[in-house]
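See below for protein-v5.tsv, which holds TSV, C-alpha atoms.
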chain	number	residue	atom	x	y	z
A	4	MET	CA	20.78	-9.86	-1.43
A	5	ASN	CA	23.91	-11.50	-2.82
A	6	TYR	CA	23.04	-12.94	-6.21
A	7	CYS	CA	21.00	-11.91	-9.26
A	8	SER	CA	17.66	-13.74	-9.34
A	9	GLN	CA	17.67	-13.48	-13.13
A	10	CYS	CA	21.09	-14.86	-14.07
A	11	GLY	CA	22.65	-16.10	-10.81
A	12	ALA	CA	25.74	-13.85	-10.95
A	13	ALA	CA	26.86	-11.68	-8.01
A	14	VAL	CA	25.10	-8.37	-7.40
A	15	ILE	CA	26.77	-5.16	-6.35
A	16	GLU	CA	25.31	-2.09	-4.68
A	17	LYS	CA	25.41	1.01	-6.85
A	18	ILE	CA	23.38	3.98	-7.95
A	19	PRO	CA	22.09	3.23	-11.47
A	20	THR	CA	22.29	5.91	-14.18
A	21	GLY	CA	19.40	8.35	-13.82
A	22	ASP	CA	18.66	7.14	-10.29
A	23	ASN	CA	19.66	8.63	-6.95
A	24	ARG	CA	19.53	5.61	-4.64
A	25	LEU	CA	21.73	2.61	-3.98
A	26	ARG	CA	20.24	-0.50	-5.62
A	27	PHE	CA	21.32	-4.08	-5.94
A	28	VAL	CA	22.46	-4.35	-9.56
A	29	CYS	CA	23.73	-7.46	-11.33
A	30	ALA	CA	27.39	-7.06	-12.28
A	31	THR	CA	26.85	-9.40	-15.25
A	32	CYS	CA	23.36	-8.89	-16.77
A	33	GLU	CA	22.88	-5.39	-15.25
A	34	HIS	CA	19.37	-6.17	-14.00
A	35	ILE	CA	18.35	-3.67	-11.30
A	36	HIS	CA	16.68	-5.30	-8.30
A	37	TYR	CA	14.30	-2.79	-6.76
A	38	GLN	CA	13.06	-3.41	-3.24
A	39	ASN	CA	9.81	-1.82	-2.11
A	40	PRO	CA	7.60	-1.59	0.98
A	41	ARG	CA	5.04	-4.29	1.60
A	42	ILE	CA	1.34	-3.91	2.36
A	43	ILE	CA	-0.32	-5.60	5.32
A	44	ALA	CA	-4.08	-5.83	4.75
A	45	GLY	CA	-6.50	-6.56	7.56
A	46	CYS	CA	-10.04	-6.30	8.85
A	47	LEU	CA	-11.74	-4.83	11.88
A	48	PRO	CA	-14.57	-7.41	12.01
A	49	ILE	CA	-17.64	-5.97	13.75
A	50	TYR	CA	-20.60	-7.90	15.17
A	51	GLY	CA	-23.13	-5.65	16.90
A	52	ASP	CA	-21.30	-3.88	19.71
A	53	ARG	CA	-18.37	-6.29	19.62
A	54	VAL	CA	-15.21	-6.65	17.56
A	55	LEU	CA	-13.29	-9.80	16.72
A	56	LEU	CA	-9.69	-10.21	17.85
A	57	CYS	CA	-7.22	-13.06	17.32
A	58	LYS	CA	-4.67	-14.23	19.88
A	59	ARG	CA	-1.39	-14.68	18.01
A	60	ALA	CA	0.08	-18.19	17.77
A	61	ILE	CA	3.16	-16.99	15.89
A	62	GLU	CA	6.03	-14.59	16.41
A	63	PRO	CA	6.27	-11.70	16.83
A	64	ARG	CA	4.08	-11.08	19.88
A	65	VAL	CA	2.87	-14.64	20.51
A	66	GLY	CA	-0.08	-14.63	22.92
A	67	ARG	CA	-1.04	-11.04	22.22
A	68	TRP	CA	-4.32	-9.98	20.61
A	69	THR	CA	-4.49	-8.59	17.10
A	70	LEU	CA	-6.85	-7.86	14.24
A	71	PRO	CA	-6.70	-10.43	11.44
A	72	ALA	CA	-4.15	-9.09	8.94
A	73	GLY	CA	-1.26	-10.21	6.80
A	74	PHE	CA	0.89	-9.54	3.76
A	75	LEU	CA	-1.03	-8.71	0.60
A	76	GLU	CA	-0.34	-11.21	-2.18
A	77	ASN	CA	0.43	-10.50	-5.83
A	78	GLY	CA	-2.74	-10.60	-7.94
A	79	GLU	CA	-4.92	-9.73	-4.96
A	80	ALA	CA	-6.93	-6.56	-4.29
A	81	THR	CA	-6.30	-5.06	-0.87
A	82	SER	CA	-9.90	-5.64	0.25
A	83	ALA	CA	-9.69	-9.27	-0.92
A	84	GLY	CA	-6.45	-9.74	1.02
A	85	ALA	CA	-8.06	-8.36	4.17
A	86	LEU	CA	-10.95	-10.82	3.87
A	87	ARG	CA	-8.60	-13.73	3.10
A	88	GLU	CA	-6.58	-13.03	6.24
A	89	THR	CA	-9.83	-12.89	8.23
A	90	ARG	CA	-10.78	-16.33	6.89
A	91	GLU	CA	-7.31	-17.79	7.46
A	92	GLU	CA	-6.66	-16.47	10.96
A	93	ALA	CA	-10.19	-16.61	12.38
A	94	ASN	CA	-12.12	-18.93	10.03
A	95	ALA	CA	-14.52	-15.99	9.93
A	96	ASN	CA	-17.01	-14.92	7.27
A	97	ALA	CA	-17.02	-11.16	6.84
A	98	THR	CA	-17.89	-8.56	4.25
A	99	ILE	CA	-16.07	-5.27	3.66
A	100	ILE	CA	-17.80	-2.05	4.77
A	101	ASP	CA	-15.05	0.42	3.81
A	102	LEU	CA	-11.39	1.28	4.23
A	103	TYR	CA	-10.72	2.69	7.70
A	104	THR	CA	-7.14	3.15	8.95
A	105	LEU	CA	-3.79	3.30	7.17
A	106	PHE	CA	-0.38	3.44	8.78
A	107	SER	CA	2.95	4.00	7.09
A	108	LEU	CA	5.81	2.43	9.05
A	109	PRO	CA	8.88	3.52	7.10
A	110	HIS	CA	11.38	2.11	9.61
A	111	ILE	CA	10.23	-1.39	8.65
A	112	SER	CA	9.05	-0.54	5.10
A	113	GLN	CA	5.46	-1.57	5.73
A	114	VAL	CA	2.06	0.00	5.05
A	115	TYR	CA	-0.92	-1.28	7.06
A	116	MET	CA	-4.42	-0.98	5.64
A	117	PHE	CA	-7.40	-1.94	7.81
A	118	PHE	CA	-10.98	-2.20	6.55
A	119	ARG	CA	-14.12	-2.04	8.68
A	120	ALA	CA	-15.92	-5.32	8.03
A	121	GLU	CA	-19.21	-6.85	9.09
A	122	LEU	CA	-18.88	-10.28	10.67
A	123	LEU	CA	-21.65	-12.29	9.00
A	124	ASP	CA	-22.14	-15.05	11.58
A	125	LEU	CA	-20.66	-16.55	14.74
A	126	ASN	CA	-19.04	-19.51	12.98
A	127	PHE	CA	-15.49	-18.45	13.69
A	128	SER	CA	-12.59	-20.30	15.31
A	129	ALA	CA	-8.83	-20.09	15.66
A	130	GLY	CA	-6.95	-20.59	12.38
A	131	GLU	CA	-3.42	-22.01	12.25
A	132	GLU	CA	-1.78	-18.70	13.17
A	133	SER	CA	-4.14	-18.04	16.10
A	134	LEU	CA	-4.38	-19.52	19.61
A	135	ASP	CA	-7.87	-18.14	20.20
A	136	VAL	CA	-10.46	-15.91	18.55
A	137	GLN	CA	-13.01	-13.95	20.57
A	138	LEU	CA	-15.49	-11.10	20.34
A	139	PHE	CA	-14.91	-8.15	22.68
A	140	THR	CA	-17.06	-5.20	23.69
A	141	GLU	CA	-15.24	-1.91	24.21
A	142	ALA	CA	-15.11	-2.57	27.98
A	143	GLU	CA	-13.64	-6.04	27.41
A	144	ILE	CA	-10.78	-5.07	25.03
A	145	PRO	CA	-7.46	-6.27	26.52
A	146	TRP	CA	-5.77	-2.92	25.87
A	147	ASP	CA	-2.51	-3.90	27.55
A	148	GLU	CA	-2.29	-7.18	25.68
A	149	LEU	CA	-2.65	-5.92	22.12
A	150	ALA	CA	0.09	-6.96	19.69
A	151	PHE	CA	0.99	-3.75	17.85
A	152	PRO	CA	0.45	0.02	18.15
A	153	VAL	CA	-1.56	-0.02	14.89
A	154	ILE	CA	-4.08	-2.33	16.59
A	155	ASN	CA	-4.46	-0.02	19.59
A	156	LYS	CA	-4.90	2.99	17.33
A	157	THR	CA	-7.43	1.35	15.04
A	158	LEU	CA	-9.55	0.19	17.99
A	159	GLU	CA	-9.27	3.60	19.71
A	160	HIS	CA	-10.47	5.34	16.54
A	161	TYR	CA	-13.31	2.87	16.12
A	162	PHE	CA	-14.77	3.17	19.60
A	163	ALA	CA	-14.44	6.97	19.44
A	164	ASP	CA	-16.03	7.16	15.97
A	165	ARG	CA	-18.87	4.88	17.07
A	166	GLN	CA	-20.17	7.72	19.23
A	167	THR	CA	-21.07	9.67	16.07
A	168	ASP	CA	-21.45	6.71	13.67
A	169	LEU	CA	-19.04	8.52	11.31
A	170	TYR	CA	-15.87	6.66	10.31
A	171	PRO	CA	-13.55	8.84	8.25
A	172	VAL	CA	-10.54	7.09	6.77
A	173	ARG	CA	-7.42	7.95	8.74
A	174	TYR	CA	-3.86	7.97	7.42
A	175	THR	CA	-1.00	8.12	9.92
A	176	ASP	CA	2.78	8.12	9.52
A	177	LEU	CA	4.21	6.15	12.41
A	178	GLU	CA	7.82	7.22	12.57
A	179	PHE	CA	10.14	5.85	15.21
A	180	PRO	CA	13.06	8.30	15.28
A	181	ALA	CA	14.93	6.29	17.89
A	182	ARG	CA	15.15	3.35	15.52
A	183	LYS	CA	15.82	5.45	12.44
A	184	ILE	CA	18.88	7.01	14.05
A	185	SER	CA	20.44	3.72	15.09
B	15	MET	CA	12.97	-15.57	-11.02
B	16	ASN	CA	15.55	-18.24	-11.75
B	17	TYR	CA	18.14	-18.08	-8.97
B	18	CYS	CA	18.20	-17.62	-5.20
B	19	SER	CA	19.25	-14.09	-4.29
B	20	GLN	CA	20.67	-15.41	-1.00
B	21	CYS	CA	22.91	-18.30	-2.16
B	22	GLY	CA	22.84	-18.18	-5.98
B	23	ALA	CA	21.47	-21.72	-6.46
B	24	ALA	CA	18.47	-22.48	-8.71
B	25	VAL	CA	14.97	-21.83	-7.37
B	26	ILE	CA	11.97	-24.05	-7.93
B	27	GLU	CA	8.26	-23.20	-7.69
B	28	LYS	CA	6.49	-25.06	-4.94
B	29	ILE	CA	3.97	-24.60	-2.15
B	30	PRO	CA	5.93	-24.35	1.12
B	31	THR	CA	4.79	-26.33	4.18
B	32	GLY	CA	1.97	-24.46	5.92
B	33	ASP	CA	1.37	-22.25	2.88
B	34	ASN	CA	-1.23	-22.54	0.11
B	35	ARG	CA	0.44	-20.66	-2.75
B	36	LEU	CA	3.19	-21.39	-5.21
B	37	ARG	CA	6.39	-19.58	-4.21
B	38	PHE	CA	9.89	-19.43	-5.57
B	39	VAL	CA	11.89	-21.54	-3.11
B	40	CYS	CA	15.63	-22.18	-3.19
B	41	ALA	CA	16.32	-25.88	-3.84
B	42	THR	CA	19.58	-25.58	-1.87
B	43	CYS	CA	19.19	-23.16	1.06
B	44	GLU	CA	15.35	-23.41	1.16
B	45	HIS	CA	14.89	-19.65	1.36
B	46	ILE	CA	11.32	-18.71	0.36
B	47	HIS	CA	11.19	-15.70	-1.98
B	48	TYR	CA	7.87	-13.92	-1.42
B	49	GLN	CA	6.67	-11.46	-4.05
B	50	ASN	CA	4.22	-8.75	-3.08
B	51	PRO	CA	2.29	-5.86	-4.62
B	52	ARG	CA	3.97	-2.48	-4.93
B	53	ILE	CA	2.67	0.91	-3.84
B	54	ILE	CA	2.58	3.90	-6.15
B	55	ALA	CA	2.36	7.11	-4.13
B	56	GLY	CA	1.37	10.43	-5.67
B	57	CYS	CA	-0.03	13.89	-5.13
B	58	LEU	CA	-2.94	15.88	-6.46
B	59	PRO	CA	-1.19	19.30	-6.19
B	60	ILE	CA	-3.75	22.10	-5.84
B	61	TYR	CA	-3.18	25.81	-6.38
B	62	GLY	CA	-6.36	27.87	-6.00
B	63	ASP	CA	-8.83	26.58	-8.56
B	64	ARG	CA	-6.15	24.77	-10.56
B	65	VAL	CA	-4.39	21.42	-10.31
B	66	LEU	CA	-0.91	20.50	-11.48
B	67	LEU	CA	-0.41	17.81	-14.12
B	68	CYS	CA	2.76	16.41	-15.68
B	69	LYS	CA	3.13	15.37	-19.31
B	70	ARG	CA	4.91	12.01	-19.32
B	71	ALA	CA	8.36	11.81	-20.89
B	72	ILE	CA	8.67	8.06	-20.25
B	73	GLU	CA	6.80	4.89	-21.16
B	74	PRO	CA	4.11	3.87	-20.67
B	75	ARG	CA	1.88	6.58	-22.09
B	76	VAL	CA	4.52	9.05	-23.24
B	77	GLY	CA	2.96	12.45	-23.98
B	78	ARG	CA	-0.09	11.86	-21.81
B	79	TRP	CA	-0.90	13.88	-18.70
B	80	THR	CA	-0.62	12.44	-15.22
B	81	LEU	CA	-0.43	13.35	-11.57
B	82	PRO	CA	3.09	13.17	-10.11
B	83	ALA	CA	3.43	9.64	-8.68
B	84	GLY	CA	5.86	6.75	-8.50
B	85	PHE	CA	6.95	3.64	-6.65
B	86	LEU	CA	7.27	4.02	-2.90
B	87	GLU	CA	10.80	3.33	-1.68
B	88	ASN	CA	11.90	1.22	1.27
B	89	GLY	CA	12.35	3.37	4.38
B	90	GLU	CA	9.90	5.98	3.13
B	91	ALA	CA	6.46	6.92	4.47
B	92	THR	CA	3.75	6.98	1.81
B	93	SER	CA	3.17	10.72	2.24
B	94	ALA	CA	6.91	11.36	1.94
B	95	GLY	CA	7.05	9.29	-1.25
B	96	ALA	CA	4.18	11.28	-2.74
B	97	LEU	CA	5.98	14.56	-2.03
B	98	ARG	CA	9.29	13.20	-3.36
B	99	GLU	CA	7.67	12.22	-6.65
B	100	THR	CA	6.12	15.69	-6.86
B	101	ARG	CA	9.57	17.23	-6.44
B	102	GLU	CA	11.21	14.84	-8.90
B	103	GLU	CA	8.64	14.98	-11.69
B	104	ALA	CA	7.53	18.61	-11.40
B	105	ASN	CA	10.27	20.31	-9.35
B	106	ALA	CA	7.31	21.42	-7.26
B	107	ASN	CA	7.07	22.40	-3.60
B	108	ALA	CA	3.95	21.02	-2.01
B	109	THR	CA	2.61	20.06	1.39
B	110	ILE	CA	0.27	17.17	2.17
B	111	ILE	CA	-3.34	17.98	3.04
B	112	ASP	CA	-4.65	14.43	3.46
B	113	LEU	CA	-4.94	11.03	1.82
B	114	TYR	CA	-7.57	11.11	-0.92
B	115	THR	CA	-7.91	8.19	-3.38
B	116	LEU	CA	-6.69	4.60	-3.28
B	117	PHE	CA	-6.91	2.07	-6.08
B	118	SER	CA	-6.11	-1.61	-5.92
B	119	LEU	CA	-5.07	-2.97	-9.31
B	120	PRO	CA	-4.66	-6.68	-8.66
B	121	HIS	CA	-4.05	-7.60	-12.31
B	122	ILE	CA	-0.76	-5.72	-12.15
B	123	SER	CA	-0.17	-6.14	-8.39
B	124	GLN	CA	-0.16	-2.41	-7.69
B	125	VAL	CA	-1.84	-0.16	-5.13
B	126	TYR	CA	-2.10	3.56	-5.94
B	127	MET	CA	-2.35	6.09	-3.13
B	128	PHE	CA	-2.97	9.76	-3.98
B	129	PHE	CA	-2.80	12.59	-1.46
B	130	ARG	CA	-4.41	15.99	-1.83
B	131	ALA	CA	-1.55	18.48	-1.58
B	132	GLU	CA	-1.21	22.24	-1.54
B	133	LEU	CA	1.18	23.62	-4.13
B	134	LEU	CA	3.20	26.20	-2.19
B	135	ASP	CA	4.43	28.40	-5.04
B	136	LEU	CA	4.63	28.62	-8.83
B	137	ASN	CA	8.30	27.60	-9.01
B	138	PHE	CA	7.68	24.33	-10.82
B	139	SER	CA	9.11	22.91	-14.03
B	140	ALA	CA	9.43	19.64	-15.89
B	141	GLY	CA	11.60	17.07	-14.12
B	142	GLU	CA	13.54	14.37	-16.00
B	143	GLU	CA	10.49	12.14	-16.39
B	144	SER	CA	8.22	14.95	-17.62
B	145	LEU	CA	7.98	16.80	-20.94
B	146	ASP	CA	5.90	19.61	-19.47
B	147	VAL	CA	4.19	20.63	-16.24
B	148	GLN	CA	1.13	22.89	-16.18
B	149	LEU	CA	-1.72	24.06	-13.99
B	150	PHE	CA	-5.24	23.33	-15.23
B	151	THR	CA	-8.66	24.58	-14.18
B	152	GLU	CA	-11.47	22.04	-14.33
B	153	ALA	CA	-12.51	23.38	-17.75
B	154	GLU	CA	-8.95	23.04	-19.05
B	155	ILE	CA	-8.27	19.42	-17.98
B	156	PRO	CA	-7.29	17.36	-21.07
B	157	TRP	CA	-9.67	14.52	-20.14
B	158	ASP	CA	-8.97	12.52	-23.31
B	159	GLU	CA	-5.22	12.82	-22.91
B	160	LEU	CA	-4.83	11.56	-19.34
B	161	ALA	CA	-2.39	8.70	-18.84
B	162	PHE	CA	-4.27	6.22	-16.64
B	163	PRO	CA	-7.83	5.55	-15.42
B	164	VAL	CA	-6.73	6.27	-11.81
B	165	ILE	CA	-5.86	9.82	-12.91
B	166	ASN	CA	-9.27	10.37	-14.51
B	167	LYS	CA	-11.04	9.00	-11.43
B	168	THR	CA	-9.03	11.06	-8.96
B	169	LEU	CA	-9.66	14.27	-10.89
B	170	GLU	CA	-13.37	13.45	-11.33
B	171	HIS	CA	-13.72	12.90	-7.58
B	172	TYR	CA	-11.85	16.09	-6.82
B	173	PHE	CA	-13.89	18.43	-8.99
B	174	ALA	CA	-17.13	16.82	-7.76
B	175	ASP	CA	-16.05	17.03	-4.10
B	176	ARG	CA	-15.00	20.64	-4.52
B	177	GLN	CA	-18.68	21.56	-4.84
B	178	THR	CA	-19.17	20.66	-1.18
B	179	ASP	CA	-15.59	21.19	0.02
B	180	LEU	CA	-15.72	17.70	1.57
B	181	TYR	CA	-13.12	15.21	0.41
B	182	PRO	CA	-13.76	11.75	1.85
B	183	VAL	CA	-11.03	9.17	1.21
B	184	ARG	CA	-12.11	6.77	-1.51
B	185	TYR	CA	-10.95	3.19	-1.93
B	186	THR	CA	-11.67	1.43	-5.23
B	187	ASP	CA	-10.84	-2.04	-6.53
B	188	LEU	CA	-10.11	-1.68	-10.23
B	189	GLU	CA	-10.51	-5.18	-11.59
B	190	PHE	CA	-10.02	-5.89	-15.26
B	191	PRO	CA	-11.76	-9.25	-15.80
B	192	ALA	CA	-10.85	-9.36	-19.49
B	193	ARG	CA	-7.16	-9.36	-18.62
B	194	LYS	CA	-7.53	-11.69	-15.66
B	195	ILE	CA	-9.12	-14.38	-17.83
B	196	SER	CA	-6.48	-14.25	-20.56
Let me see whether you can do it: turn the structure in this file into structure tokens.
Amino acid sequence: MNYCSQCGAAVIEKIPTGDNRLRFVCATCEHIHYQNPRIIAGCLPIYGDRVLLCKRAIEPRVGRWTLPAGFLENGEATSAGALRETREEANANATIIDLYTLFSLPHISQVYMFFRAELLDLNFSAGEESLDVQLFTEAEIPWDELAFPVINKTLEHYFADRQTDLYPVRYTDLEFPARKIS
Amino acid sequence: MNYCSQCGAAVIEKIPTGDNRLRFVCATCEHIHYQNPRIIAGCLPIYGDRVLLCKRAIEPRVGRWTLPAGFLENGEATSAGALRETREEANANATIIDLYTLFSLPHISQVYMFFRAELLDLNFSAGEESLDVQLFTEAEIPWDELAFPVINKTLEHYFADRQTDLYPVRYTDLEFPARKIS
């Protein structure tokens, strides 16, 4: 950040009065520009004993399999964002069952929120950000070709929880000390 | 938003190629300025049969009672943010038990996340943003003087769940159609 989005003057980094963190502050109009973590909302779409995965057409991790998910938009409930991403990436019709897994990734200032969702029909296809969309049984999951650790963990929880048909919501801090130190 | 925070030139509102929403885009350097919902992380600090509430010293809702909570910071896990706010607003030492209630408030682009937390000792006091900090039994909760609906709902869930000692995580979309229409 170099310039104030309010008045166009240069910003400086300083700790505002009553605060204890460095912020970008406008040297002219004194507007404080807070920066906050972003939410990635997604679905675990379920159809019988299979789950829907999307093969990524975009960076990062092109060609790897993921759950449909993306940045939550202003004015959008988290559940609505998860369903929108499912429509956009997989052209899929789903309905929310309940919240399922949450991951805080402080090293990249992101919070993932995945919802269990029921896939309503088989009319799905690859959206613009996907190369392919397929249903997978547990035995068919391409475990070594998943895009992100949060995808592995969500699927691992799901197939374990399916044994008891109980799906408690799980919150996990995913810290990466190696990156935080550098 | 009037100016590009990257190059200082004027921004315009337009739908970028491949997108379907109006964004602030720099007319000069073409940087797209996404705006996303913010997370408010907080604790429900528990000490025996009592919970800790803070009387707000700041707007909105000065003088009303709330759970310690505030905007999650970049580089911070959600649980860490909840504990930090508990320290800042109540000078209180607590430890996270588990995630408890989540509320999506799309009309103000906020997501609240409250954690059940164990208050470790009675060395608490009002922080800069609080007028007072007190412990309340269920019978003592000032229900008509709570600051926000998410506080009422979290406390209602807690005292109901305490009957069974089971505390499932609860996700709620809090839509306010009257405001959305206006």
Query raised in the report: Which one of A:Val172, A:Gly130, A:Ile49, A:Cys57 sits closest to Ile154 in chain A if you count only C-alpha atoms?
Result: A:Cys57
Report task. Between CA of Ile42 in chain A and CA of Gln113 in chain A, measure the distance and give it in Å to one decimal. Result -> 5.8 Å
Query - Gap from CA of Gln177 in chain B to CA of Leu133 in chain B - Å, one decimal - result: 20.0 Å
Taking a cut-off of 6 Å and counting only C-alpha atoms, can you build a table that, for each residue of chain B near chain A, reports the nearest atom pair and how far apart they are in Å (one decimal), sorted by chain then residue number, as a Markdown table?
| residue | atom | partner | partner_atom | distance |
| --- | --- | --- | --- | --- |
| B:Met15 | CA | A:Ser8 | CA | 5.3 |
| B:Asn16 | CA | A:Gln9 | CA | 5.4 |
| B:Tyr17 | CA | A:Ser8 | CA | 4.4 |
| B:Cys18 | CA | A:Ser8 | CA | 5.7 |
| B:Ser19 | CA | A:Tyr6 | CA | 4.4 |
| B:Gln20 | CA | A:Asn5 | CA | 5.4 |
| B:Gly22 | CA | A:Tyr6 | CA | 5.2 |
| B:Asn50 | CA | A:Asn77 | CA | 5.0 |
| B:Pro51 | CA | A:Asn77 | CA | 5.1 |
| B:Glu87 | CA | A:Asn39 | CA | 5.3 |
| B:Asn88 | CA | A:Asn39 | CA | 5.0 |
| B:Gly89 | CA | A:Pro109 | CA | 4.4 |
| B:Glu90 | CA | A:Pro109 | CA | 4.8 |
| B:Ala91 | CA | A:Pro109 | CA | 4.9 |
| B:Ser118 | CA | A:Ala80 | CA | 5.3 |
| B:Pro120 | CA | A:Gly78 | CA | 4.4 |
| B:His121 | CA | A:Gly78 | CA | 5.5 |
| B:Ser123 | CA | A:Asn77 | CA | 5.1 |
| B:Val183 | CA | A:Val172 | CA | 6.0 |
Requested in this report: Find, counting only C-alpha atoms, the residue in A:Thr167, A:Thr157, A:Thr140, A:Asn23 that gets nearest to Leu47 in chain A.
Outcome: A:Thr157
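Excluding Glu103 in chain B itself and same-chain residues fewer than 2 positions from it, the residues having an atom within 10 Å of it are Leu67, Cys68, Lys69, Arg70, Ala71, Leu81, Pro82, Ala83, Gly84, Arg98, Glu99, Thr100, Arg101, Asn105, Ala106, Phe138, Ser139, Ala140, Gly141, Glu142, Glu143, Ser144, Leu145, Asp146 and Val147 of chain B, counting all atoms listed in the file.
Computed from the coordinates, the CA of Val153 in chain A to CA of Asp124 in chain A distance equals 25.7 Å.
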**Report entry** Test item: residues at most 9 Å from Tyr170 in chain A, only C-alpha atoms, excluding those fewer than 6 positions along its chain, as JSON, numbers by chain
**Finding:** {"A": [103, 160, 161, 164]}
